Each structure stands twice: as structure tokens, then as C-alpha cells.
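Quick notes on the structure that follows.
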Amino acid sequence: MTDQNRPDFEHLPAGMPMDETDVNLRAYLSRLSDEHLAQYDSAWTDEQVIEWDGNFKSDGNLMLVCCERDVDVTDFRRVLEEHLKFRYPAE
């Protein structure tokens, strides 16, 4: 899928009110490679998810710029799994 044909993952699901953090997290996930996302396992522990992503701070929150609130691993997982459903709908 080319970038021109790729859905606007930053604003999915459509119609959901989103703040700056919601959009930034979805934008972050949309930039992850297909290869990296294919490694993700929903059965992993929080620590394994944090290690797999590699962008969590020592306080347990995701390192994102221009955010109104912190994103912990629970929120990250929820949005990641939602993102995977939009990005790979046939799987």
C-alpha cells in the first residue's frame, strides 16, 4: 500500500473526539514499519511490550512530543491493537 492510498490512521476511528495526545499516538503508530508491527504479540507482558517498542521512559510512559497527557502501556496497547485492526483489516 502506498502512502497516498494509506488511510489517515491518525484520525481513526472516525468520529471519536481526540485530543492532541490521541492524534500524536496514532501518528506514532502509523510510522512503525510493517515488519516491526508483525513482531507484536498481544500475549506479551507489559514489560515485553515496553521492550519491543523501545520508546518508553523510565517512568513507564511513552515518549511522545507535544502531548497533553501521559500514555502508559495500557493505553498504548489499547490504541496499538485498534491501530492493527485498521491497518490490517483482513487479518
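Labels for the C-alpha cells follow display order: chains A, B, ..., residues from 1 in each chain, ligands from 1.
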
Find the residues near range 61-69 of chain A: any atom within 10 Å, counting only C-alpha atoms, skip ones fewer than 6 places away on the same chain, and give them as an mmCIF file with C-alpha atoms, in the first residue's frame.
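Here's the written file result-v9.cif:
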```cif
data_model
loop_
_atom_site.group_PDB
_atom_site.id
_atom_site.type_symbol
_atom_site.label_atom_id
_atom_site.label_comp_id
_atom_site.auth_asym_id
_atom_site.auth_seq_id
_atom_site.Cartn_x
_atom_site.Cartn_y
_atom_site.Cartn_z
ATOM 1 C CA ASP A 19 -7.085 15.413 21.792
ATOM 2 C CA GLU A 20 -3.528 16.156 20.730
ATOM 3 C CA THR A 21 -2.218 13.091 22.574
ATOM 4 C CA ASP A 22 -4.654 10.762 20.780
ATOM 5 C CA VAL A 23 -3.601 12.083 17.365
ATOM 6 C CA ASN A 24 0.130 12.000 18.225
ATOM 7 C CA LEU A 25 -0.056 8.430 19.494
ATOM 8 C CA TYR A 28 3.486 7.445 16.093
ATOM 9 C CA ILE A 50 7.791 -1.745 26.503
ATOM 10 C CA ASP A 53 8.564 -0.649 21.378
ATOM 11 C CA GLY A 54 11.751 0.807 22.823
ATOM 12 C CA ASN A 55 10.319 4.306 23.253
ATOM 13 C CA ASP A 75 -3.319 2.938 26.807
ATOM 14 C CA PHE A 76 -0.567 2.159 24.317
#
```

Which is closer to Arg26 in chain A than all the others in A:Lys85, A:Tyr40, A:Val73, A:Leu80, using only C-alpha atoms?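 The shortest atom-to-atom distance to Arg26 in chain A comes from A:Leu80.
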
List every residue of chain A that DSSP, applied to the backbone of this structure, assigns to helix (DSSP H, G or I), and report them as a ChimeraX atom specification. /A:9-11,20-30,34-39,46-53,73-87

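Of the listed residues A:Phe56, A:Arg87, A:Arg78, A:Gln48, the one whose atoms come nearest to Leu32 in chain A is A:Arg87, with distances taken using only C-alpha atoms.
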
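Using only C-alpha atoms, the shortest contact distance between Leu37 in chain A and any of A:Ala90, A:Val71, A:Met16, A:Leu84 is found at A:Leu84.
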
For Gly60 in chain A, the closest of A:Thr74, A:Pro89, A:Gln39, A:Thr45 counting only C-alpha atoms is A:Thr74

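Across the structure, CA of His36 in chain A and CA of Val49 in chain A are spaced 11.9 Å apart.
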